[in-house]
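Asker: Here you go, query.cif (mmCIF, C-alpha atoms and all ligand atoms):
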data_structure
loop_
_atom_site.label_atom_id
_atom_site.label_comp_id
_atom_site.auth_asym_id
_atom_site.auth_seq_id
_atom_site.Cartn_x
_atom_site.Cartn_y
_atom_site.Cartn_z
CA MET A 1 0.00 0.00 0.00
CA GLY A 2 3.03 2.29 0.25
CA ALA A 3 2.48 2.99 -3.45
CA VAL A 4 -0.77 4.81 -2.71
CA ALA A 5 0.56 8.34 -2.84
CA GLU A 6 0.12 11.40 -4.96
CA ALA A 7 1.56 9.93 -8.14
CA ARG A 8 -0.19 11.96 -10.82
CA ASP A 9 -0.09 12.19 -14.56
CA PRO A 10 1.43 15.70 -14.88
CA GLU A 11 -0.73 16.47 -17.91
CA GLY A 12 -3.80 15.46 -15.91
CA VAL A 13 -5.34 13.39 -18.68
CA THR A 14 -5.41 9.73 -19.58
CA LYS A 15 -2.85 8.37 -22.01
CA ASP A 16 -5.20 7.77 -24.94
CA ARG A 17 -6.03 11.47 -25.18
CA PRO A 18 -3.78 14.20 -26.61
CA THR A 19 -1.84 16.22 -24.03
CA PRO A 20 -3.28 19.67 -23.23
CA SER A 21 -0.49 21.30 -25.26
CA GLU A 22 -1.23 19.05 -28.27
CA LEU A 23 -4.92 19.79 -27.94
CA PHE A 24 -4.15 23.50 -27.74
CA SER A 25 -2.12 23.38 -30.98
CA SER A 26 -4.84 21.51 -32.82
CA LEU A 27 -7.52 23.94 -31.63
CA PHE A 28 -5.76 27.27 -31.81
CA GLY A 29 -2.84 26.69 -34.24
CA GLY A 30 0.64 26.92 -32.73
CA PRO A 31 1.71 26.11 -29.20
CA PRO A 32 0.56 27.72 -25.95
CA THR A 33 2.98 30.32 -24.58
CA HIS A 34 2.22 30.15 -20.85
CA VAL A 35 0.94 27.89 -18.11
CA ALA A 36 -1.03 28.90 -15.01
CA ARG A 37 -1.16 26.35 -12.19
CA ALA A 38 -3.42 26.49 -9.18
CA PRO A 39 -3.59 23.77 -6.51
CA GLY A 40 -6.52 22.11 -4.81
CA ARG A 41 -6.43 21.95 -1.03
CA VAL A 42 -7.33 19.73 1.86
CA ASN A 43 -8.69 21.51 4.88
CA LEU A 44 -7.14 19.96 8.00
CA ILE A 45 -9.48 21.65 10.47
CA GLY A 46 -11.73 24.73 10.65
CA GLU A 47 -14.78 23.71 8.61
CA HIS A 48 -17.62 26.03 7.65
CA ILE A 49 -16.17 28.92 9.62
CA ASP A 50 -14.18 30.85 6.99
CA TYR A 51 -17.37 32.63 5.93
CA CYS A 52 -17.82 33.65 9.56
CA GLY A 53 -14.41 35.34 9.34
CA LEU A 54 -12.81 32.79 11.70
CA ALA A 55 -9.39 31.18 11.28
CA VAL A 56 -8.95 27.90 9.36
CA LEU A 57 -6.07 25.47 8.85
CA PRO A 58 -5.77 23.99 5.33
CA MET A 59 -2.85 22.91 3.16
CA ALA A 60 -2.48 22.97 -0.62
CA MET A 61 -2.05 19.64 -2.43
CA ARG A 62 -0.05 18.54 -5.43
CA HIS A 63 -3.28 18.05 -7.36
CA GLU A 64 -3.85 21.15 -9.43
CA ALA A 65 -5.73 22.88 -12.23
CA ARG A 66 -3.34 23.64 -15.07
CA LEU A 67 -4.21 26.06 -17.86
CA VAL A 68 -1.91 26.19 -20.89
CA PHE A 69 -2.75 29.44 -22.63
CA ARG A 70 -1.86 32.24 -24.99
CA PRO A 71 -2.97 35.87 -24.57
CA ARG A 72 -5.16 37.24 -27.37
CA GLN A 73 -5.24 40.68 -28.95
CA ASP A 74 -8.98 41.05 -28.42
CA GLY A 75 -11.42 40.55 -25.55
CA THR A 76 -12.47 36.98 -26.33
CA VAL A 77 -11.84 34.16 -23.85
CA ARG A 78 -11.86 30.64 -25.28
CA ILE A 79 -11.19 27.78 -22.91
CA THR A 80 -11.46 24.10 -23.76
CA ASN A 81 -11.45 21.51 -20.99
CA ALA A 82 -9.16 18.54 -21.67
CA ASN A 83 -11.91 16.44 -20.12
CA PRO A 84 -14.51 16.15 -22.90
CA GLU A 85 -17.32 15.84 -20.32
CA PHE A 86 -17.15 19.64 -20.17
CA GLU A 87 -18.23 21.79 -23.15
CA PRO A 88 -15.80 24.42 -24.50
CA VAL A 89 -16.44 27.93 -23.17
CA GLU A 90 -16.27 31.17 -25.16
CA PHE A 91 -17.29 34.68 -24.09
CA GLU A 92 -16.28 38.35 -24.29
CA ILE A 93 -14.67 40.05 -21.29
CA SER A 94 -17.03 42.53 -19.66
CA PRO A 95 -18.07 43.58 -16.16
CA ALA A 96 -21.53 42.06 -16.73
CA ILE A 97 -21.06 38.59 -18.23
CA ALA A 98 -24.33 36.64 -18.18
CA PRO A 99 -23.90 33.51 -16.03
CA GLY A 100 -24.74 30.07 -17.41
CA SER A 101 -27.13 27.75 -15.62
CA SER A 102 -26.40 26.90 -11.98
CA GLY A 103 -23.49 24.45 -11.66
CA ASP A 104 -22.30 24.91 -15.26
CA TRP A 105 -18.48 24.88 -15.27
CA ARG A 106 -18.54 27.93 -17.57
CA ASN A 107 -19.47 30.03 -14.53
CA TYR A 108 -16.11 29.22 -12.91
CA VAL A 109 -14.31 30.39 -16.06
CA GLN A 110 -16.42 33.53 -16.39
CA ALA A 111 -16.23 34.44 -12.67
CA PRO A 112 -12.66 35.80 -12.62
CA ALA A 113 -13.11 37.62 -15.96
CA ASN A 114 -16.29 39.29 -14.72
CA GLU A 115 -14.76 40.41 -11.43
CA MET A 116 -11.47 41.58 -12.95
CA ALA A 117 -13.34 43.60 -15.59
CA ARG A 118 -15.30 45.26 -12.76
CA ARG A 119 -12.09 46.28 -10.97
CA PHE A 120 -9.51 46.87 -13.72
CA ALA A 121 -9.49 48.04 -17.31
CA ILE A 122 -8.73 44.57 -18.65
CA TRP A 123 -9.44 44.02 -22.33
CA ARG A 124 -7.21 41.15 -23.48
CA GLY A 125 -8.67 37.66 -23.51
CA VAL A 126 -6.85 34.33 -23.55
CA GLU A 127 -7.26 31.04 -25.36
CA GLY A 128 -6.37 27.95 -23.42
CA VAL A 129 -6.77 24.30 -22.54
CA LEU A 130 -7.60 23.43 -18.96
CA SER A 131 -6.72 20.14 -17.32
CA SER A 132 -7.13 19.30 -13.66
CA ASP A 133 -6.43 16.32 -11.47
CA VAL A 134 -8.22 17.78 -8.45
CA PRO A 135 -11.13 15.39 -7.81
CA VAL A 136 -14.24 17.25 -8.96
CA ALA A 137 -16.93 18.25 -6.45
CA ALA A 138 -15.21 16.32 -3.67
CA GLY A 139 -14.51 19.02 -1.08
CA LEU A 140 -10.95 19.54 -2.30
CA SER A 141 -11.54 22.93 -3.90
CA SER A 142 -11.57 21.92 -7.55
CA SER A 143 -13.75 24.94 -8.33
CA THR A 144 -11.41 27.47 -6.79
CA ALA A 145 -8.38 25.87 -8.45
CA LEU A 146 -10.11 26.54 -11.76
CA VAL A 147 -11.10 30.12 -10.85
CA ASN A 148 -7.56 30.87 -9.65
CA ALA A 149 -5.89 29.42 -12.77
CA VAL A 150 -8.13 31.40 -15.15
CA GLY A 151 -7.74 34.53 -13.01
CA LEU A 152 -3.95 34.23 -13.14
CA SER A 153 -3.95 33.84 -16.91
CA LEU A 154 -6.08 36.99 -17.35
CA ALA A 155 -3.94 38.94 -14.91
CA HIS A 156 -0.85 37.90 -16.82
CA ALA A 157 -2.32 38.73 -20.22
CA ASN A 158 -3.43 42.18 -19.00
CA GLU A 159 -0.35 42.96 -16.90
CA VAL A 160 -2.36 43.22 -13.71
CA SER A 161 0.10 42.72 -10.90
CA LEU A 162 -1.20 41.95 -7.42
CA ALA A 163 0.29 40.60 -4.19
CA PRO A 164 -0.88 37.01 -3.42
CA ALA A 165 -3.20 38.17 -0.61
CA GLU A 166 -4.84 40.78 -2.86
CA PHE A 167 -5.24 38.23 -5.62
CA ALA A 168 -6.78 35.75 -3.19
CA GLU A 169 -9.32 38.32 -1.97
CA LEU A 170 -10.16 39.29 -5.54
CA MET A 171 -10.75 35.65 -6.56
CA ALA A 172 -12.85 34.99 -3.43
CA GLU A 173 -15.08 37.88 -4.44
CA ALA A 174 -15.07 36.63 -8.04
CA GLU A 175 -16.34 33.17 -7.10
CA GLN A 176 -19.50 34.64 -5.53
CA TYR A 177 -20.59 35.02 -9.17
CA THR A 178 -21.24 31.26 -9.24
CA GLY A 179 -24.02 31.62 -6.65
CA THR A 180 -22.22 29.83 -3.80
CA ARG A 181 -21.71 32.26 -0.93
CA GLY A 182 -18.35 30.67 -0.08
CA GLY A 183 -15.62 31.94 2.22
CA GLY A 184 -12.06 32.95 1.39
CA MET A 185 -10.14 29.88 2.59
CA ASP A 186 -9.61 28.18 -0.77
CA HIS A 187 -8.35 31.26 -2.58
CA ALA A 188 -6.05 32.21 0.30
CA ILE A 189 -4.34 28.83 0.52
CA GLY A 190 -4.42 28.54 -3.27
CA PHE A 191 -2.21 31.60 -3.62
CA GLY A 192 -0.34 31.68 -0.33
CA ALA A 193 0.63 28.04 0.31
CA ARG A 194 4.22 26.95 0.87
CA ALA A 195 5.55 23.48 0.09
CA GLY A 196 5.88 21.35 3.22
CA HIS A 197 3.56 23.61 5.20
CA ALA A 198 -0.06 24.01 6.23
CA ALA A 199 -1.27 27.53 7.01
CA ARG A 200 -3.40 29.08 9.72
CA ILE A 201 -5.39 31.64 7.77
CA THR A 202 -7.11 34.63 9.34
CA PHE A 203 -9.51 36.97 7.54
CA ASN A 204 -10.35 40.68 7.38
CA PRO A 205 -7.54 41.42 6.75
CA LEU A 206 -6.19 38.24 5.22
CA GLY A 207 -3.23 36.85 7.16
CA MET A 208 -1.29 33.58 7.00
CA ARG A 209 0.90 31.76 9.44
CA HIS A 210 2.79 28.96 7.72
CA LEU A 211 3.26 25.88 9.90
CA VAL A 212 5.62 23.04 9.01
CA VAL A 213 3.89 19.68 8.57
CA PRO A 214 6.15 17.22 10.41
CA GLU A 215 7.85 14.69 8.09
CA ASP A 216 6.23 11.82 9.93
CA TRP A 217 2.63 13.07 9.54
CA CYS A 218 0.52 11.63 6.75
CA PHE A 219 -2.79 13.25 5.87
CA VAL A 220 -4.79 10.53 4.12
CA VAL A 221 -7.55 11.73 1.80
CA ALA A 222 -10.34 9.28 0.95
CA ASP A 223 -13.18 10.10 -1.43
CA THR A 224 -16.65 8.68 -0.75
CA GLY A 225 -17.33 8.84 -4.49
CA VAL A 226 -20.45 10.92 -3.77
CA ARG A 227 -20.10 14.18 -5.69
CA VAL A 228 -21.13 17.43 -4.07
CA GLU A 229 -22.26 19.43 -7.07
CA LYS A 230 -22.38 23.09 -6.10
CA SER A 231 -25.66 23.54 -7.87
CA GLY A 232 -29.15 22.78 -6.69
CA ARG A 233 -29.36 21.04 -3.32
CA ALA A 234 -25.74 21.28 -2.12
CA GLN A 235 -25.48 24.97 -3.02
CA ALA A 236 -28.76 25.75 -1.28
CA ALA A 237 -27.75 23.73 1.81
CA TYR A 238 -24.36 25.50 1.90
CA ASN A 239 -25.85 28.99 1.53
CA GLN A 240 -28.49 28.15 4.10
CA ARG A 241 -25.76 27.31 6.66
CA ARG A 242 -24.17 30.68 6.05
CA SER A 243 -27.41 32.60 6.60
CA GLU A 244 -28.12 30.54 9.72
CA CYS A 245 -24.73 31.59 11.12
CA GLU A 246 -25.54 35.24 10.40
CA LYS A 247 -28.96 34.98 12.06
CA ALA A 248 -27.52 33.18 15.09
CA LEU A 249 -24.86 35.85 15.52
CA ASP A 250 -27.42 38.67 15.31
CA ALA A 251 -29.58 37.10 18.00
CA VAL A 252 -26.67 36.47 20.38
CA VAL A 253 -25.32 40.00 19.89
CA GLN A 254 -28.77 41.45 20.49
CA LEU A 255 -29.10 39.62 23.79
CA ALA A 256 -25.55 40.49 24.88
CA LEU A 257 -26.28 44.17 24.18
CA GLU A 258 -29.55 43.99 26.13
CA ARG A 259 -27.69 42.49 29.06
CA ASP A 260 -24.92 45.10 28.84
CA ARG A 261 -22.35 42.45 28.13
CA LEU A 262 -21.11 44.33 25.04
CA PRO A 263 -20.25 48.03 24.68
CA THR A 264 -21.24 48.11 20.99
CA ALA A 265 -22.31 45.57 18.38
CA PRO A 266 -19.26 43.59 17.16
CA ARG A 267 -18.74 43.39 13.39
CA GLY A 268 -18.64 39.61 13.31
CA TYR A 269 -17.79 36.37 15.09
CA PRO A 270 -14.08 37.12 15.65
CA GLU A 271 -14.85 40.38 17.41
CA LEU A 272 -17.62 38.82 19.49
CA LEU A 273 -15.24 36.08 20.64
CA ARG A 274 -12.52 38.61 21.43
CA LEU A 275 -14.94 40.65 23.51
CA ILE A 276 -16.74 37.98 25.54
CA GLY A 277 -14.85 34.70 24.93
CA ALA A 278 -16.16 31.35 23.68
CA ALA A 279 -17.64 30.11 26.98
CA GLU A 280 -19.76 33.21 27.54
CA ALA A 281 -20.77 33.33 23.86
CA ILE A 282 -22.10 29.77 24.09
CA SER A 283 -23.87 30.38 27.37
CA MET A 284 -25.46 33.53 25.91
CA ALA A 285 -26.48 31.51 22.84
CA LYS A 286 -28.31 29.02 25.06
CA ASP A 287 -30.61 31.85 26.13
CA ALA A 288 -30.85 33.60 22.75
CA LEU A 289 -31.26 30.60 20.46
CA GLN A 290 -32.76 27.18 20.23
CA GLY A 291 -32.79 24.15 17.96
CA ARG A 292 -30.96 24.46 14.68
CA LEU A 293 -29.55 27.97 15.18
CA LEU A 294 -28.14 27.03 18.57
CA ARG A 295 -26.45 23.97 17.07
CA ARG A 296 -24.97 26.02 14.19
CA PHE A 297 -23.63 28.63 16.59
CA ARG A 298 -22.11 25.99 18.89
CA HIS A 299 -20.32 24.39 15.95
CA VAL A 300 -18.86 27.67 14.74
CA VAL A 301 -17.59 28.75 18.14
CA SER A 302 -16.24 25.35 19.18
CA GLU A 303 -14.58 24.78 15.79
CA ALA A 304 -12.79 28.14 16.08
CA GLY A 305 -11.32 26.96 19.39
CA ARG A 306 -10.22 23.68 17.84
CA VAL A 307 -8.36 25.50 15.06
CA ASP A 308 -6.26 27.42 17.58
CA GLN A 309 -5.51 24.26 19.54
CA ALA A 310 -4.71 22.34 16.36
CA ALA A 311 -2.24 25.02 15.27
CA ASP A 312 -0.46 24.55 18.62
CA CYS A 313 -0.45 20.77 18.13
CA LEU A 314 1.13 21.23 14.71
CA LEU A 315 3.80 23.52 16.16
CA ASN A 316 4.56 20.98 18.88
CA ALA A 317 4.32 17.97 16.55
CA ASP A 318 1.58 16.61 18.82
CA LEU A 319 0.00 14.08 16.45
CA ALA A 320 -2.32 12.51 19.02
CA GLY A 321 -3.61 15.92 20.10
CA PHE A 322 -4.26 16.98 16.51
CA GLY A 323 -6.09 13.73 15.81
CA THR A 324 -8.36 14.15 18.84
CA LEU A 325 -9.34 17.61 17.58
CA MET A 326 -10.12 16.18 14.14
CA ASP A 327 -12.43 13.61 15.73
CA ALA A 328 -14.20 16.34 17.71
CA SER A 329 -14.53 18.46 14.57
CA HIS A 330 -16.22 15.60 12.74
CA GLY A 331 -18.65 15.03 15.63
CA SER A 332 -19.59 18.69 15.63
CA LEU A 333 -20.03 18.78 11.84
CA ARG A 334 -22.21 15.68 12.02
CA THR A 335 -24.50 16.56 14.91
CA ASP A 336 -24.44 20.35 15.20
CA TYR A 337 -23.76 21.45 11.65
CA GLN A 338 -25.46 18.48 9.96
CA VAL A 339 -23.24 18.33 6.89
CA SER A 340 -22.01 14.74 7.14
CA SER A 341 -23.43 11.73 5.32
CA ARG A 342 -23.60 7.96 5.79
CA GLU A 343 -20.61 7.43 3.50
CA LEU A 344 -18.49 10.10 5.21
CA ASP A 345 -19.28 8.64 8.64
CA GLU A 346 -18.40 5.19 7.37
CA LEU A 347 -15.02 6.28 5.99
CA VAL A 348 -14.22 8.11 9.24
CA ALA A 349 -15.12 5.01 11.29
CA ILE A 350 -12.99 2.71 9.10
CA ALA A 351 -9.99 5.06 9.23
CA ARG A 352 -10.25 5.13 13.02
CA GLU A 353 -10.51 1.34 13.25
CA GLY A 354 -7.48 1.18 10.96
CA GLY A 355 -5.49 3.05 13.60
CA CYS A 356 -5.40 6.69 12.52
CA ALA A 357 -4.94 9.44 15.13
CA GLY A 358 -8.15 11.18 14.03
CA ALA A 359 -10.42 11.63 11.04
CA ARG A 360 -13.05 14.05 9.81
CA LEU A 361 -14.96 15.10 6.76
CA THR A 362 -13.17 17.84 4.83
CA GLY A 363 -14.59 20.66 2.71
CA ALA A 364 -18.26 21.48 2.63
CA GLY A 365 -19.42 17.89 3.37
CA PHE A 366 -22.70 16.32 2.12
CA GLY A 367 -20.40 13.85 0.29
CA GLY A 368 -16.86 14.28 -1.03
CA CYS A 369 -13.82 13.39 1.06
CA ILE A 370 -12.56 12.69 4.54
CA VAL A 371 -9.08 13.47 5.83
CA ALA A 372 -7.41 11.18 8.36
CA LEU A 373 -4.11 11.71 10.18
CA ALA A 374 -1.66 8.85 10.63
CA ASP A 375 2.06 8.56 11.20
CA ARG A 376 4.39 6.68 8.86
CA GLY A 377 4.16 3.58 11.01
CA THR A 378 0.37 3.28 10.82
CA VAL A 379 -0.50 4.85 7.49
CA ASP A 380 -0.37 1.60 5.52
CA ALA A 381 -2.80 -0.07 7.90
CA VAL A 382 -5.20 2.88 7.56
CA LEU A 383 -4.99 2.79 3.76
CA GLU A 384 -5.49 -0.97 3.73
CA ALA A 385 -8.53 -0.79 5.98
CA LEU A 386 -10.11 1.83 3.70
CA VAL A 387 -9.47 -0.23 0.57
CA GLU A 388 -10.69 -3.49 2.08
CA GLN A 389 -13.72 -2.20 3.94
CA TYR A 390 -14.95 0.68 1.76
CA PHE A 391 -13.57 0.74 -1.77
CA GLU A 392 -13.34 -2.96 -2.69
CA PRO A 393 -16.78 -4.01 -1.42
CA ARG A 394 -18.29 -1.21 -3.55
CA GLY A 395 -16.36 -2.19 -6.67
CA MET A 396 -14.39 1.06 -6.42
CA GLY A 397 -10.98 -0.63 -6.20
CA ASP A 398 -9.88 0.35 -9.72
CA ARG A 399 -7.98 3.66 -10.19
CA ILE A 400 -7.70 3.70 -6.42
CA ASP A 401 -4.99 6.40 -6.46
CA ASP A 402 -7.63 8.89 -7.61
CA ARG A 403 -9.82 8.12 -4.62
CA LEU A 404 -7.30 7.44 -1.87
CA PHE A 405 -3.94 9.12 -1.38
CA VAL A 406 -1.60 10.75 1.07
CA ALA A 407 -1.72 14.50 0.39
CA VAL A 408 1.60 16.25 -0.13
CA PRO A 409 1.71 19.78 1.33
CA SER A 410 2.47 21.88 -1.75
CA ALA A 411 3.11 25.42 -2.95
CA GLY A 412 0.53 27.98 -4.13
CA ALA A 413 -0.47 29.06 -7.63
CA SER A 414 2.00 30.32 -10.21
CA VAL A 415 2.18 31.40 -13.82
CA GLY A 416 5.13 30.68 -16.09
CA ILE A 417 6.37 30.78 -19.66
CA LEU A 418 6.36 27.51 -21.57
P1 LIG B 1 -15.45 23.07 -0.94
O1 LIG B 1 -16.15 22.00 -0.22
O2 LIG B 1 -14.09 22.67 -1.35
O3 LIG B 1 -16.27 23.59 -2.08
C1 LIG B 1 -16.38 25.09 0.56
C2 LIG B 1 -16.06 26.58 0.46
C3 LIG B 1 -15.04 27.03 1.53
C4 LIG B 1 -15.44 26.55 2.91
C5 LIG B 1 -15.76 25.04 2.88
C6 LIG B 1 -16.28 24.53 4.20
C7 LIG B 1 -16.15 27.58 -1.74
C8 LIG B 1 -15.40 27.95 -2.97
N1 LIG B 1 -15.48 26.90 -0.83
O4 LIG B 1 -15.29 24.33 0.10
O5 LIG B 1 -14.92 28.44 1.50
O6 LIG B 1 -16.51 27.29 3.43
O7 LIG B 1 -16.74 24.74 1.89
O8 LIG B 1 -15.34 24.77 5.21
O9 LIG B 1 -17.32 27.90 -1.63
#
Represent the structure of the file as structure tokens.
Ligand code: NG1
Answerer:
Amino acid sequence: MGAVAEARDPEGVTKDRPTPSELFSSLFGGPPTHVARAPGRVNLIGEHIDYCGLAVLPMAMRHEARLVFRPRQDGTVRITNANPEFEPVEFEISPAIAPGSSGDWRNYVQAPANEMARRFAIWRGVEGVLSSDVPVAAGLSSSTALVNAVGLSLAHANEVSLAPAEFAELMAEAEQYTGTRGGGMDHAIGFGARAGHAARITFNPLGMRHLVVPEDWCFVVADTGVRVEKSGRAQAAYNQRRSECEKALDAVVQLALERDRLPTAPRGYPELLRLIGAAEAISMAKDALQGRLLRRFRHVVSEAGRVDQAADCLLNADLAGFGTLMDASHGSLRTDYQVSSRELDELVAIAREGGCAGARLTGAGFGGCIVALADRGTVDAVLEALVEQYFEPRGMGDRIDDRLFVAVPSAGASVGIL
């Protein structure tokens, strides 16, 4: 099982298809001149709290979206996906590009163009071929990898030069175009990641603390095989969680003001927690809220605490401590935030039985992947348990490296000349 690692086809396509560069030449005549790369990520802990402005702890992976491209002398963008499941996309750059239907991949290509045209006088389009080996709709940020890669190509073509944090904030805003009211975690790690490190990311303003991932730590990613399409049900469920968090915060703040526990209304969760602390916030919530909103609030506040503790565990190479926090995070996501599923719970249980230090769903949930932490001595047993008890019985044992791998902490997005 030691062979189950991130061994990827660098072109991101199967052997019987042309490479992205060959496809580019056949479509556009002549070779591409540049390549933009943007990684997917695995969130280690801090789930569904980035949109509350609270710190999260992800790391970028070696899996990436890769756009080979050539700037154009007009405002047309033409992008073909190396995966023929996805239709080619063509549009004109403008600050008011009409979105396609919900969930259409064209929206992720149009999103950065639309936002950049709103902010800068960009006029030059690109033509390109996109390939990606980030598992699609699996909680590993395949959508943001795509947005970031296209955004980088347009910035390069139009000589827009931004610091990584500015670019990340711009792309986070851009992705709202797709209708998912997501947070800024994926864009931040996508631009700011360092090889060999995870990062504790804070928001408003964006900040990053890079933390070395100890050599001995293996973050196993296992995909349920249930896709979480960010259209229809999953998008609505995601957006609903975000509004519930906003409503819960308003009610708790209102009560705290009435009881003179706050001098003025805080601007968000981080300020509330700074002013009254997690314990008092939760006790206030018990009076202000009930049912679903209380559960959402309790998840957000407790998960924020776990992120801080997990960052300390990473600094101190405390694998057992980190694993315990992952287990608690999963419990909270399952019962309080209600974003787990039967398959995610099953994978988590198998990874634990296999001897991992801790396991949890990663990303938005509802399907997609889990992440489990093991050391080098136990990782093979964890991988074996997952293969034997989840993947093989479901006939999902073929192309197992796509569904089960040890994530390699990798660097952020870049653009280069070919
Ligand atoms: P995934 O599951 O990778 O789409 C989403 C959001 C994140 C974050 C997580 C849950 C987007 C682009 N990403 O990630 O901002 O909120 O869910 O922690 O919407």
Asker: Could you check which of A:Val89, A:Ala357, A:Val307, A:Leu170 is closest to Thr324 (chain A), using all atoms listed in the file?
Answerer: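 Closest to Thr324 (chain A), using all atoms listed in the file: A:Ala357.
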Asker: Padding 3 Å on every side, please: axis-aligned box over the listed atoms of ligand LIG 1 (chain B), centre and edge lengths to one decimal in Å, as JSON.
Answerer:
{"center_x": -15.7, "center_y": 25.2, "center_z": 1.1, "size_x": 9.2, "size_y": 12.4, "size_z": 14.2}
Asker: So how many Å separate CA of Glu64 (chain A) and CA of His197 (chain A), to one decimal?
Answerer: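 Answer for the CA of Glu64 (chain A) to CA of His197 (chain A) separation: 16.6 Å.
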Asker: From the set A:Glu303, A:Glu85, A:Asp74, A:Glu92, which residue has the shortest atom-to-atom contact distance to ligand LIG 1 (chain B), counting only C-alpha atoms and all ligand atoms?
Answerer: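 Checking each of A:Glu303, A:Glu85, A:Asp74, A:Glu92 against ligand LIG 1 (chain B), counting only C-alpha atoms and all ligand atoms, the winner is A:Glu303.
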Asker: At a cut-off of 6 Å around ligand LIG 1 (chain B), and using all atoms listed in the file, what residues come up? Please write them as a list in words.
Answerer: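 If we count all atoms listed in the file, the neighbours of ligand LIG 1 (chain B) turn out to be Glu47, His48, Asp50, Tyr51, Gly139, Leu140, Ser141, Thr144, Thr180, Gly182, Gly183, Gly184, Met185, Asp186, Gly363 and Ala364 of chain A.
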Asker: Which one is closest to Val221 (chain A): A:Ala372, A:Ile417, A:Val387, A:Val252? Count only C-alpha atoms.
Answerer: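 Nearest to Val221 (chain A): A:Ala372.
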Asker: What is the distance, in Å and to one decimal place, between CA of Ala155 (chain A) and CA of Ala168 (chain A)?
Answerer: 12.5 Å
Asker: When you count all atoms listed in the file, which of these residues is closest to His210 (chain A): A:Met59, A:Ala285, A:Ala413, A:Ala359?
Answerer: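 Distance minimum relative to His210 (chain A) lands on A:Met59.
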Asker: Return the single residue from A:Ala374, A:Ala407, A:Val228, A:Leu275 that is closest to Asp318 (chain A), with distances computed using only C-alpha atoms.
Answerer: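 Result for the nearest residue to Asp318 (chain A): A:Ala374.
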Asker: Using all atoms listed in the file, which protein or nucleic acid residues come within 6 Å of region 121-124 of chain A? Drop anything in the same chain fewer than 2 positions from it, and give the result as a count of residues only.
Answerer: 6
Asker: Tell me, in Å to one decimal, how far CA of Thr76 (chain A) is from CA of Gly125 (chain A).
Answerer: 4.8 Å
Asker: Rank nothing, just name the residue among A:Val213, A:Val126, A:Ala279, A:Leu293 nearest to Leu373 (chain A), using only C-alpha atoms.
Answerer: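 That would be A:Val213, the residue with the smallest distance to Leu373 (chain A).
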Asker: List the spatial neighbours of Gly367 (chain A) as a ChimeraX atom specification - criterion: any atom at most 10 Å away, all atoms listed in the file, same-chain residues fewer than 6 positions off excluded.
Answerer: /A:137-139,223-229,234,339-345,361
Asker: Can I get the selection written as an mmCIF file, keeping the file's coordinate frame, with C-alpha atoms?
Answerer:
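selection_32.cif was written with the following content:
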data_model
loop_
_atom_site.group_PDB
_atom_site.id
_atom_site.type_symbol
_atom_site.label_atom_id
_atom_site.label_comp_id
_atom_site.auth_asym_id
_atom_site.auth_seq_id
_atom_site.Cartn_x
_atom_site.Cartn_y
_atom_site.Cartn_z
ATOM 1 C CA ALA A 137 -16.930 18.250 -6.450
ATOM 2 C CA ALA A 138 -15.210 16.320 -3.670
ATOM 3 C CA GLY A 139 -14.510 19.020 -1.080
ATOM 4 C CA ASP A 223 -13.180 10.100 -1.430
ATOM 5 C CA THR A 224 -16.650 8.680 -0.750
ATOM 6 C CA GLY A 225 -17.330 8.840 -4.490
ATOM 7 C CA VAL A 226 -20.450 10.920 -3.770
ATOM 8 C CA ARG A 227 -20.100 14.180 -5.690
ATOM 9 C CA VAL A 228 -21.130 17.430 -4.070
ATOM 10 C CA GLU A 229 -22.260 19.430 -7.070
ATOM 11 C CA ALA A 234 -25.740 21.280 -2.120
ATOM 12 C CA VAL A 339 -23.240 18.330 6.890
ATOM 13 C CA SER A 340 -22.010 14.740 7.140
ATOM 14 C CA SER A 341 -23.430 11.730 5.320
ATOM 15 C CA ARG A 342 -23.600 7.960 5.790
ATOM 16 C CA GLU A 343 -20.610 7.430 3.500
ATOM 17 C CA LEU A 344 -18.490 10.100 5.210
ATOM 18 C CA ASP A 345 -19.280 8.640 8.640
ATOM 19 C CA LEU A 361 -14.960 15.100 6.760
#
Asker: Can you pull out every residue within 12 Å of Ala248 (chain A), counting all atoms listed in the file, but drop anything in the same chain fewer than 6 positions away, and send it as a PyMOL selection string?
Answerer: chain A and resi 52+241-242+254-255+268-269+281-282+284-301
Asker: Taking 3 positions as the minimum chain separation for residues in the same chain, which residues sit within 10 Å of Phe91 (chain A) when counting all atoms listed in the file? Answer as a list of chain:residue names.
Answerer: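 So the residues in contact are A:Gly75, A:Thr76, A:Val77, A:Arg78, A:Ile79, A:Ser94, A:Ile97, A:Ala98, A:Arg106, A:Val109, A:Gln110, A:Ala113, A:Gly125.
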Asker: Which neighbours of Ser153 (chain A) fall inside 9 Å, counting all atoms listed in the file, when residues of the same chain fewer than 5 positions from it are skipped, and could you give them as a compact mmCIF listing (two decimals) with C-alpha atoms, in the coordinates of the input?
Answerer:
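The resulting file, around37.txt, is shown below:
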# COMPACT_ATOMS: atom_id res chain seq x y z
CA HIS A 34 2.22 30.15 -20.85
CA VAL A 35 0.94 27.89 -18.11
CA ALA A 36 -1.03 28.90 -15.01
CA LEU A 67 -4.21 26.06 -17.86
CA VAL A 68 -1.91 26.19 -20.89
CA PHE A 69 -2.75 29.44 -22.63
CA ARG A 70 -1.86 32.24 -24.99
CA PRO A 71 -2.97 35.87 -24.57
CA GLY A 125 -8.67 37.66 -23.51
CA VAL A 126 -6.85 34.33 -23.55
CA ASN A 148 -7.56 30.87 -9.65
CA ASN A 158 -3.43 42.18 -19.00
CA VAL A 415 2.18 31.40 -13.82
